[in-house]
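Data block for coords_16.pdb (PDB, C-alpha atoms):
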ATOM      1  CA  MET A   1      -6.340 -42.543  26.680
ATOM      2  CA  PRO A   2      -7.897 -40.675  29.616
ATOM      3  CA  LYS A   3      -6.516 -41.076  33.114
ATOM      4  CA  ILE A   4      -9.342 -41.599  35.593
ATOM      5  CA  ILE A   5      -8.945 -40.873  39.317
ATOM      6  CA  CYS A   6     -11.350 -42.791  41.551
ATOM      7  CA  LEU A   7     -12.532 -41.647  44.993
ATOM      8  CA  SER A   8     -15.281 -42.810  47.331
ATOM      9  CA  ASP A   9     -16.254 -42.723  50.995
ATOM     10  CA  THR A  10     -14.145 -39.709  51.880
ATOM     11  CA  HIS A  11     -16.500 -38.929  54.815
ATOM     12  CA  ASN A  12     -15.430 -35.304  55.425
ATOM     13  CA  CYS A  13     -11.706 -36.191  55.334
ATOM     14  CA  ASN A  14     -11.258 -33.999  52.272
ATOM     15  CA  GLU A  15      -8.013 -32.226  53.046
ATOM     16  CA  GLN A  16      -6.314 -35.407  54.296
ATOM     17  CA  ILE A  17      -6.575 -37.100  50.896
ATOM     18  CA  VAL A  18      -3.826 -36.505  48.336
ATOM     19  CA  VAL A  19      -5.500 -36.590  44.929
ATOM     20  CA  PRO A  20      -3.212 -37.311  41.955
ATOM     21  CA  ASP A  21      -3.505 -35.486  38.652
ATOM     22  CA  GLY A  22      -5.707 -36.972  35.957
ATOM     23  CA  ASP A  23      -8.268 -36.208  33.282
ATOM     24  CA  ILE A  24     -11.539 -37.344  34.881
ATOM     25  CA  LEU A  25     -12.099 -37.276  38.649
ATOM     26  CA  ILE A  26     -14.903 -39.542  39.870
ATOM     27  CA  HIS A  27     -16.334 -39.693  43.409
ATOM     28  CA  ALA A  28     -18.654 -42.660  44.032
ATOM     29  CA  GLY A  29     -20.447 -41.319  47.103
ATOM     30  CA  ASP A  30     -20.364 -40.847  50.870
ATOM     31  CA  ALA A  31     -18.624 -37.513  50.688
ATOM     32  CA  THR A  32     -20.154 -36.758  54.094
ATOM     33  CA  ILE A  33     -21.116 -38.496  57.336
ATOM     34  CA  ARG A  34     -24.609 -37.073  57.943
ATOM     35  CA  GLY A  35     -25.319 -35.345  54.638
ATOM     36  CA  THR A  36     -25.833 -31.889  56.159
ATOM     37  CA  ILE A  37     -25.743 -28.627  54.243
ATOM     38  CA  ASN A  38     -22.491 -27.624  55.935
ATOM     39  CA  GLU A  39     -20.810 -30.919  55.057
ATOM     40  CA  ILE A  40     -21.846 -30.630  51.414
ATOM     41  CA  VAL A  41     -20.614 -27.021  51.252
ATOM     42  CA  LEU A  42     -17.209 -28.091  52.590
ATOM     43  CA  PHE A  43     -17.060 -31.025  50.173
ATOM     44  CA  ASN A  44     -17.915 -28.727  47.283
ATOM     45  CA  GLU A  45     -15.196 -26.229  48.212
ATOM     46  CA  TRP A  46     -12.614 -29.019  48.156
ATOM     47  CA  PHE A  47     -13.833 -31.059  45.182
ATOM     48  CA  ALA A  48     -14.630 -28.136  42.872
ATOM     49  CA  ASN A  49     -11.172 -26.639  43.368
ATOM     50  CA  LEU A  50      -9.245 -29.764  42.436
ATOM     51  CA  PRO A  51      -7.492 -29.176  39.089
ATOM     52  CA  HIS A  52      -9.045 -32.015  37.079
ATOM     53  CA  LYS A  53     -10.828 -30.924  33.902
ATOM     54  CA  SER A  54     -13.884 -33.123  34.504
ATOM     55  CA  LYS A  55     -15.349 -33.930  37.931
ATOM     56  CA  ILE A  56     -18.232 -36.335  38.552
ATOM     57  CA  PHE A  57     -20.048 -37.042  41.819
ATOM     58  CA  VAL A  58     -22.619 -39.707  42.701
ATOM     59  CA  ALA A  59     -24.200 -39.580  46.176
ATOM     60  CA  GLY A  60     -23.979 -42.371  48.746
ATOM     61  CA  ASN A  61     -26.062 -43.591  51.656
ATOM     62  CA  HIS A  62     -24.562 -40.995  54.032
ATOM     63  CA  ASP A  63     -25.280 -38.074  51.684
ATOM     64  CA  TRP A  64     -28.827 -37.590  52.960
ATOM     65  CA  LEU A  65     -29.639 -34.183  51.486
ATOM     66  CA  PHE A  66     -29.393 -35.550  47.946
ATOM     67  CA  GLU A  67     -32.339 -37.830  48.742
ATOM     68  CA  THR A  68     -34.444 -35.524  50.915
ATOM     69  CA  ASN A  69     -33.974 -32.295  48.931
ATOM     70  CA  LEU A  70     -32.190 -32.938  45.648
ATOM     71  CA  ARG A  71     -32.749 -29.434  44.298
ATOM     72  CA  LEU A  72     -31.129 -27.833  47.342
ATOM     73  CA  ALA A  73     -28.265 -30.334  47.400
ATOM     74  CA  LYS A  74     -27.455 -29.782  43.721
ATOM     75  CA  SER A  75     -27.581 -26.010  44.214
ATOM     76  CA  LEU A  76     -24.714 -26.348  46.708
ATOM     77  CA  LEU A  77     -22.461 -27.896  44.057
ATOM     78  CA  ASP A  78     -20.305 -25.787  41.778
ATOM     79  CA  ASP A  79     -21.043 -25.850  38.043
ATOM     80  CA  LYS A  80     -17.688 -27.612  37.606
ATOM     81  CA  ILE A  81     -19.133 -30.722  39.285
ATOM     82  CA  ILE A  82     -21.352 -33.091  37.287
ATOM     83  CA  TYR A  83     -23.866 -34.810  39.565
ATOM     84  CA  LEU A  84     -25.285 -38.097  38.275
ATOM     85  CA  GLN A  85     -28.400 -39.751  39.664
ATOM     86  CA  ASP A  86     -29.792 -42.387  37.311
ATOM     87  CA  SER A  87     -28.314 -40.320  34.497
ATOM     88  CA  SER A  88     -25.429 -40.195  32.025
ATOM     89  CA  VAL A  89     -22.837 -37.799  30.694
ATOM     90  CA  GLU A  90     -20.411 -38.159  27.801
ATOM     91  CA  ILE A  91     -16.803 -37.049  28.310
ATOM     92  CA  ASN A  92     -13.933 -37.656  25.902
ATOM     93  CA  GLY A  93     -16.132 -40.026  23.935
ATOM     94  CA  LEU A  94     -16.913 -42.109  27.039
ATOM     95  CA  LYS A  95     -20.508 -42.566  28.199
ATOM     96  CA  ILE A  96     -20.562 -42.446  31.999
ATOM     97  CA  TYR A  97     -23.632 -43.480  34.002
ATOM     98  CA  GLY A  98     -24.135 -42.970  37.733
ATOM     99  CA  SER A  99     -26.634 -44.133  40.357
ATOM    100  CA  PRO A 100     -26.558 -43.821  44.180
ATOM    101  CA  TYR A 101     -28.778 -46.763  45.139
ATOM    102  CA  GLN A 102     -27.782 -49.827  47.147
ATOM    103  CA  PRO A 103     -29.498 -52.662  49.076
ATOM    104  CA  ARG A 104     -31.294 -51.598  52.246
ATOM    105  CA  PHE A 105     -29.018 -51.379  55.290
ATOM    106  CA  PHE A 106     -30.184 -49.744  58.537
ATOM    107  CA  ASP A 107     -32.511 -47.414  56.598
ATOM    108  CA  TRP A 108     -29.877 -45.058  55.184
ATOM    109  CA  ALA A 109     -30.323 -42.804  52.143
ATOM    110  CA  PHE A 110     -30.893 -44.332  48.691
ATOM    111  CA  ASN A 111     -31.751 -47.724  50.200
ATOM    112  CA  LEU A 112     -33.971 -50.085  48.216
ATOM    113  CA  MET A 113     -35.089 -53.630  48.894
ATOM    114  CA  ARG A 114     -33.101 -56.405  47.263
ATOM    115  CA  GLY A 115     -34.842 -57.928  44.268
ATOM    116  CA  LYS A 116     -37.369 -56.151  42.058
ATOM    117  CA  GLU A 117     -36.873 -52.606  43.411
ATOM    118  CA  LEU A 118     -33.159 -52.591  42.678
ATOM    119  CA  ALA A 119     -33.574 -54.545  39.436
ATOM    120  CA  ARG A 120     -35.795 -51.735  38.109
ATOM    121  CA  LYS A 121     -33.076 -49.195  38.849
ATOM    122  CA  TRP A 122     -30.332 -51.202  37.152
ATOM    123  CA  LYS A 123     -32.463 -51.729  34.035
ATOM    124  CA  LEU A 124     -32.096 -47.967  33.486
ATOM    125  CA  ILE A 125     -28.368 -48.347  32.750
ATOM    126  CA  PRO A 126     -27.891 -47.791  28.994
ATOM    127  CA  ASN A 127     -26.419 -50.679  27.026
ATOM    128  CA  ASP A 128     -23.745 -48.393  25.565
ATOM    129  CA  THR A 129     -22.327 -47.354  28.954
ATOM    130  CA  ASP A 130     -18.508 -47.266  29.050
ATOM    131  CA  ILE A 131     -18.059 -46.337  32.721
ATOM    132  CA  LEU A 132     -20.551 -47.255  35.442
ATOM    133  CA  ILE A 133     -20.562 -45.507  38.824
ATOM    134  CA  THR A 134     -22.681 -46.861  41.672
ATOM    135  CA  HIS A 135     -22.265 -46.256  45.365
ATOM    136  CA  GLY A 136     -22.434 -49.931  46.269
ATOM    137  CA  PRO A 137     -20.675 -52.961  44.765
ATOM    138  CA  PRO A 138     -22.129 -55.820  42.767
ATOM    139  CA  PHE A 139     -22.463 -59.109  44.607
ATOM    140  CA  GLY A 140     -19.235 -61.064  44.940
ATOM    141  CA  ILE A 141     -16.914 -58.313  43.711
ATOM    142  CA  LEU A 142     -14.872 -56.368  46.298
ATOM    143  CA  ASP A 143     -17.843 -56.598  48.660
ATOM    144  CA  LYS A 144     -16.659 -58.894  51.460
ATOM    145  CA  VAL A 145     -17.363 -57.924  55.076
ATOM    146  CA  PRO A 146     -15.824 -59.996  57.909
ATOM    147  CA  ARG A 147     -18.295 -61.293  60.487
ATOM    148  CA  GLN A 148     -17.515 -63.106  63.729
ATOM    149  CA  TYR A 149     -17.272 -66.574  62.207
ATOM    150  CA  PHE A 150     -17.388 -66.007  58.444
ATOM    151  CA  VAL A 151     -16.950 -63.513  55.624
ATOM    152  CA  GLU A 152     -20.117 -62.215  53.958
ATOM    153  CA  ASN A 153     -20.597 -60.912  50.413
ATOM    154  CA  THR A 154     -22.787 -57.830  50.814
ATOM    155  CA  GLY A 155     -23.048 -56.490  47.254
ATOM    156  CA  CYS A 156     -26.166 -56.290  45.117
ATOM    157  CA  GLU A 157     -27.179 -59.457  43.264
ATOM    158  CA  GLU A 158     -29.391 -57.567  40.808
ATOM    159  CA  LEU A 159     -26.568 -55.171  39.957
ATOM    160  CA  ARG A 160     -24.291 -58.084  39.169
ATOM    161  CA  ARG A 161     -26.936 -59.666  36.928
ATOM    162  CA  GLN A 162     -27.328 -56.387  35.038
ATOM    163  CA  ILE A 163     -23.568 -56.054  34.581
ATOM    164  CA  GLU A 164     -23.422 -59.587  33.196
ATOM    165  CA  GLU A 165     -26.042 -58.506  30.638
ATOM    166  CA  LEU A 166     -24.194 -55.284  29.827
ATOM    167  CA  VAL A 167     -20.927 -57.046  29.024
ATOM    168  CA  CYS A 168     -22.678 -58.761  26.114
ATOM    169  CA  PHE A 169     -22.725 -55.367  24.364
ATOM    170  CA  GLU A 170     -18.915 -55.146  24.705
ATOM    171  CA  LYS A 171     -18.965 -51.495  25.793
ATOM    172  CA  LEU A 172     -18.599 -51.545  29.581
ATOM    173  CA  LYS A 173     -14.959 -50.989  30.533
ATOM    174  CA  LEU A 174     -14.966 -49.792  34.131
ATOM    175  CA  HIS A 175     -17.217 -49.972  37.197
ATOM    176  CA  ILE A 176     -16.381 -47.656  40.112
ATOM    177  CA  PHE A 177     -18.032 -47.947  43.538
ATOM    178  CA  GLY A 178     -17.317 -47.815  47.289
ATOM    179  CA  HIS A 179     -19.639 -48.275  50.297
ATOM    180  CA  ILE A 180     -17.870 -51.391  51.628
ATOM    181  CA  HIS A 181     -14.751 -49.832  53.140
ATOM    182  CA  CYS A 182     -12.926 -53.114  53.683
ATOM    183  CA  GLY A 183     -13.418 -54.047  50.014
ATOM    184  CA  TYR A 184     -10.987 -51.357  48.798
ATOM    185  CA  GLY A 185      -8.988 -52.377  45.752
ATOM    186  CA  THR A 186      -9.296 -53.423  42.119
ATOM    187  CA  THR A 187     -10.045 -56.571  40.177
ATOM    188  CA  GLU A 188     -11.058 -57.600  36.671
ATOM    189  CA  LYS A 189     -13.944 -59.839  35.648
ATOM    190  CA  PHE A 190     -15.938 -60.296  32.436
ATOM    191  CA  GLY A 191     -13.367 -58.056  30.742
ATOM    192  CA  VAL A 192     -14.401 -55.158  33.025
ATOM    193  CA  LYS A 193     -12.183 -53.363  35.553
ATOM    194  CA  PHE A 194     -13.856 -53.094  38.960
ATOM    195  CA  VAL A 195     -12.708 -50.482  41.475
ATOM    196  CA  ASN A 196     -13.768 -50.229  45.105
ATOM    197  CA  ALA A 197     -12.410 -46.742  45.703
ATOM    198  CA  SER A 198     -13.287 -46.384  49.417
ATOM    199  CA  ASN A 199     -10.729 -43.949  50.813
ATOM    200  CA  CYS A 200     -11.771 -44.429  54.438
ATOM    201  CA  ASP A 201     -11.195 -47.691  56.260
ATOM    202  CA  GLU A 202     -13.644 -49.330  58.672
ATOM    203  CA  SER A 203     -12.643 -46.819  61.370
ATOM    204  CA  TYR A 204     -13.442 -43.917  59.018
ATOM    205  CA  GLU A 205      -9.766 -43.018  58.732
ATOM    206  CA  PRO A 206      -8.604 -41.993  55.214
ATOM    207  CA  THR A 207      -5.933 -44.691  54.920
ATOM    208  CA  ASN A 208      -6.629 -45.742  51.321
ATOM    209  CA  PRO A 209      -5.215 -43.580  48.512
ATOM    210  CA  PRO A 210      -7.204 -42.666  45.394
ATOM    211  CA  ILE A 211      -7.034 -45.273  42.634
ATOM    212  CA  MET A 212      -5.813 -44.300  39.176
ATOM    213  CA  ILE A 213      -7.074 -46.118  36.075
ATOM    214  CA  ASP A 214      -5.816 -45.654  32.516
ATOM    215  CA  LEU A 215      -8.522 -46.530  29.992
TER     216      LEU A 215
END

Using the file provided, produce a representation of the structure as structure tokens.
Amino acid sequence: MPKIICLSDTHNCNEQIVVPDGDILIHAGDATIRGTINEIVLFNEWFANLPHKSKIFVAGNHDWLFETNLRLAKSLLDDKIIYLQDSSVEINGLKIYGSPYQPRFFDWAFNLMRGKELARKWKLIPNDTDILITHGPPFGILDKVPRQYFVENTGCEELRRQIEELVCFEKLKLHIFGHIHCGYGTTEKFGVKFVNASNCDESYEPTNPPIMIDL
């Protein structure tokens, strides 16, 4: 079975992250801080030269150029890197789907309003998806953010509803995301493994190691 290495929210800390060996390397977004050309070039130099046979990248809300000029942003990525944006790829018999969108938050990249706008995006996920990559988490799963007097679930309600529909087809095995740095970790629900792979903590320090999943 393939060994999958999960990364997210590396925020320019490329060389500080020790990436273990594996078969499929997946980055769930926020490779940069401001999404500039220079940041993407540096990310590409690091990510493309990692030894993993298959490498997949999905943009995050900090990766601005992928929203404002997708053609230019993709041209900065090596052919070894598969970029997914509301699209799929099949590797080792696994159908992998990726999307960068998340609920609106301070008007960052790939922000959509909660409700119908996001629901339309999640309806695009094929029913036969084995591995789902989104930048943000589903509601109630590794999405907690501490506030002054309470802890708030910040994930996407519509994404969770779509996942609950997908599990009926008994194909979805793994959902990888990031975005909520303090939600780092893994859990299992509905028979699906969920991974918040955020490598940076809330202070944007790369304190969280990559997560390895055997499927």

Contacts of Pro146 in chain A at 12 Å (only C-alpha atoms; same-chain gap of 4+ positions) as JSON, numbers by chain
{"A": [150, 151, 152, 153, 154, 180, 181, 182, 183, 202]}

What would the selection look like, as a list in words, if the PyMOL selection byres ((chain A and resi 168-175) around 7) were run on the coordinates I just shared?
Asn127, Asp128, Thr129, Asp130, Ile131, Leu132, Ile133, Glu165, Leu166, Val167, Ile176, Phe177, Val192, Lys193, Phe194 and Val195 of chain A

Give me, as a Markdown table, each residue of range 110-190 of chain A that comes within 10 Å of range 59-77 of chain A, together with its shortest interatomic pair and the distance in Å at one decimal, counting all atoms listed in the file, with rows ordered by chain and rising residue number.
| residue | atom | partner | partner_atom | distance |
| --- | --- | --- | --- | --- |
| A:Phe110 | CA | A:Asn61 | CA | 5.7 |
| A:Asn111 | CA | A:Asn61 | CA | 7.2 |
| A:Thr134 | CA | A:Gly60 | CA | 8.5 |
| A:His135 | CA | A:Gly60 | CA | 5.4 |
| A:Gly136 | CA | A:Gly60 | CA | 8.1 |
| A:Phe177 | CA | A:Gly60 | CA | 9.7 |
| A:Gly178 | CA | A:Gly60 | CA | 8.7 |
| A:His179 | CA | A:Gly60 | CA | 7.5 |

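Separating CA of Asp143 in chain A from CA of Ala48 in chain A is a distance of 29.2 Å.
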
Hits from the PyMOL selection byres ((chain A and resi 214) around 8), listed as JSON, numbers by chain:
{"A": [1, 2, 3, 4, 212, 213, 215]}

Within 12 Å of Pro51 in chain A using only C-alpha atoms, minus same-chain residues under 3 positions, as a count of residues only:
15

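If you measure from each of A:Val18, A:Ala31, A:Glu117, A:Asp78 to Glu45 in chain A using all atoms listed in the file, the closest one turns out to be A:Asp78.
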
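Comparing A:Asn92, A:Thr10, A:Thr36, A:Ser87 by their smallest distance to Cys200 in chain A, the closest is A:Thr10 (using only C-alpha atoms).
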
Can you complete the atoms of range 144-160 of chain A to N, CA and C atoms and list them as a PDB file, in the coordinates of the input?
ATOM      1  N   LYS A 144     -16.703 -58.015  50.290  1.00  0.00           N
ATOM      2  CA  LYS A 144     -16.659 -58.894  51.460  1.00  0.00           C
ATOM      3  C   LYS A 144     -16.569 -58.102  52.768  1.00  0.00           C
ATOM      4  N   VAL A 145     -17.375 -58.514  53.738  1.00  0.00           N
ATOM      5  CA  VAL A 145     -17.363 -57.924  55.076  1.00  0.00           C
ATOM      6  C   VAL A 145     -17.127 -59.048  56.083  1.00  0.00           C
ATOM      7  N   PRO A 146     -16.081 -58.941  56.923  1.00  0.00           N
ATOM      8  CA  PRO A 146     -15.824 -59.996  57.909  1.00  0.00           C
ATOM      9  C   PRO A 146     -16.851 -59.971  59.033  1.00  0.00           C
ATOM     10  N   ARG A 147     -17.411 -61.137  59.337  1.00  0.00           N
ATOM     11  CA  ARG A 147     -18.295 -61.293  60.487  1.00  0.00           C
ATOM     12  C   ARG A 147     -17.542 -62.101  61.548  1.00  0.00           C
ATOM     13  N   GLN A 148     -18.210 -62.432  62.627  1.00  0.00           N
ATOM     14  CA  GLN A 148     -17.515 -63.106  63.729  1.00  0.00           C
ATOM     15  C   GLN A 148     -16.942 -64.459  63.309  1.00  0.00           C
ATOM     16  N   TYR A 149     -17.715 -65.225  62.547  1.00  0.00           N
ATOM     17  CA  TYR A 149     -17.272 -66.574  62.207  1.00  0.00           C
ATOM     18  C   TYR A 149     -17.161 -66.818  60.702  1.00  0.00           C
ATOM     19  N   PHE A 150     -17.415 -65.801  59.888  1.00  0.00           N
ATOM     20  CA  PHE A 150     -17.388 -66.007  58.444  1.00  0.00           C
ATOM     21  C   PHE A 150     -17.217 -64.662  57.747  1.00  0.00           C
ATOM     22  N   VAL A 151     -17.033 -64.723  56.437  1.00  0.00           N
ATOM     23  CA  VAL A 151     -16.950 -63.513  55.624  1.00  0.00           C
ATOM     24  C   VAL A 151     -18.181 -63.470  54.726  1.00  0.00           C
ATOM     25  N   GLU A 152     -18.855 -62.327  54.688  1.00  0.00           N
ATOM     26  CA  GLU A 152     -20.117 -62.215  53.958  1.00  0.00           C
ATOM     27  C   GLU A 152     -19.957 -61.318  52.732  1.00  0.00           C
ATOM     28  N   ASN A 153     -20.478 -61.772  51.590  1.00  0.00           N
ATOM     29  CA  ASN A 153     -20.597 -60.912  50.413  1.00  0.00           C
ATOM     30  C   ASN A 153     -21.845 -60.055  50.582  1.00  0.00           C
ATOM     31  N   THR A 154     -21.684 -58.739  50.510  1.00  0.00           N
ATOM     32  CA  THR A 154     -22.787 -57.830  50.814  1.00  0.00           C
ATOM     33  C   THR A 154     -23.274 -57.038  49.608  1.00  0.00           C
ATOM     34  N   GLY A 155     -22.670 -57.247  48.441  1.00  0.00           N
ATOM     35  CA  GLY A 155     -23.048 -56.490  47.254  1.00  0.00           C
ATOM     36  C   GLY A 155     -24.426 -56.855  46.727  1.00  0.00           C
ATOM     37  N   CYS A 156     -24.826 -56.155  45.680  1.00  0.00           N
ATOM     38  CA  CYS A 156     -26.166 -56.290  45.117  1.00  0.00           C
ATOM     39  C   CYS A 156     -26.206 -57.362  44.026  1.00  0.00           C
ATOM     40  N   GLU A 157     -27.038 -58.371  44.236  1.00  0.00           N
ATOM     41  CA  GLU A 157     -27.179 -59.457  43.264  1.00  0.00           C
ATOM     42  C   GLU A 157     -27.758 -58.955  41.950  1.00  0.00           C
ATOM     43  N   GLU A 158     -28.757 -58.066  42.029  1.00  0.00           N
ATOM     44  CA  GLU A 158     -29.391 -57.567  40.808  1.00  0.00           C
ATOM     45  C   GLU A 158     -28.434 -56.703  39.994  1.00  0.00           C
ATOM     46  N   LEU A 159     -27.566 -55.967  40.675  1.00  0.00           N
ATOM     47  CA  LEU A 159     -26.568 -55.171  39.957  1.00  0.00           C
ATOM     48  C   LEU A 159     -25.607 -56.086  39.212  1.00  0.00           C
ATOM     49  N   ARG A 160     -25.194 -57.146  39.847  1.00  0.00           N
ATOM     50  CA  ARG A 160     -24.291 -58.084  39.169  1.00  0.00           C
ATOM     51  C   ARG A 160     -24.970 -58.700  37.942  1.00  0.00           C
TER      52      ARG A 160
END
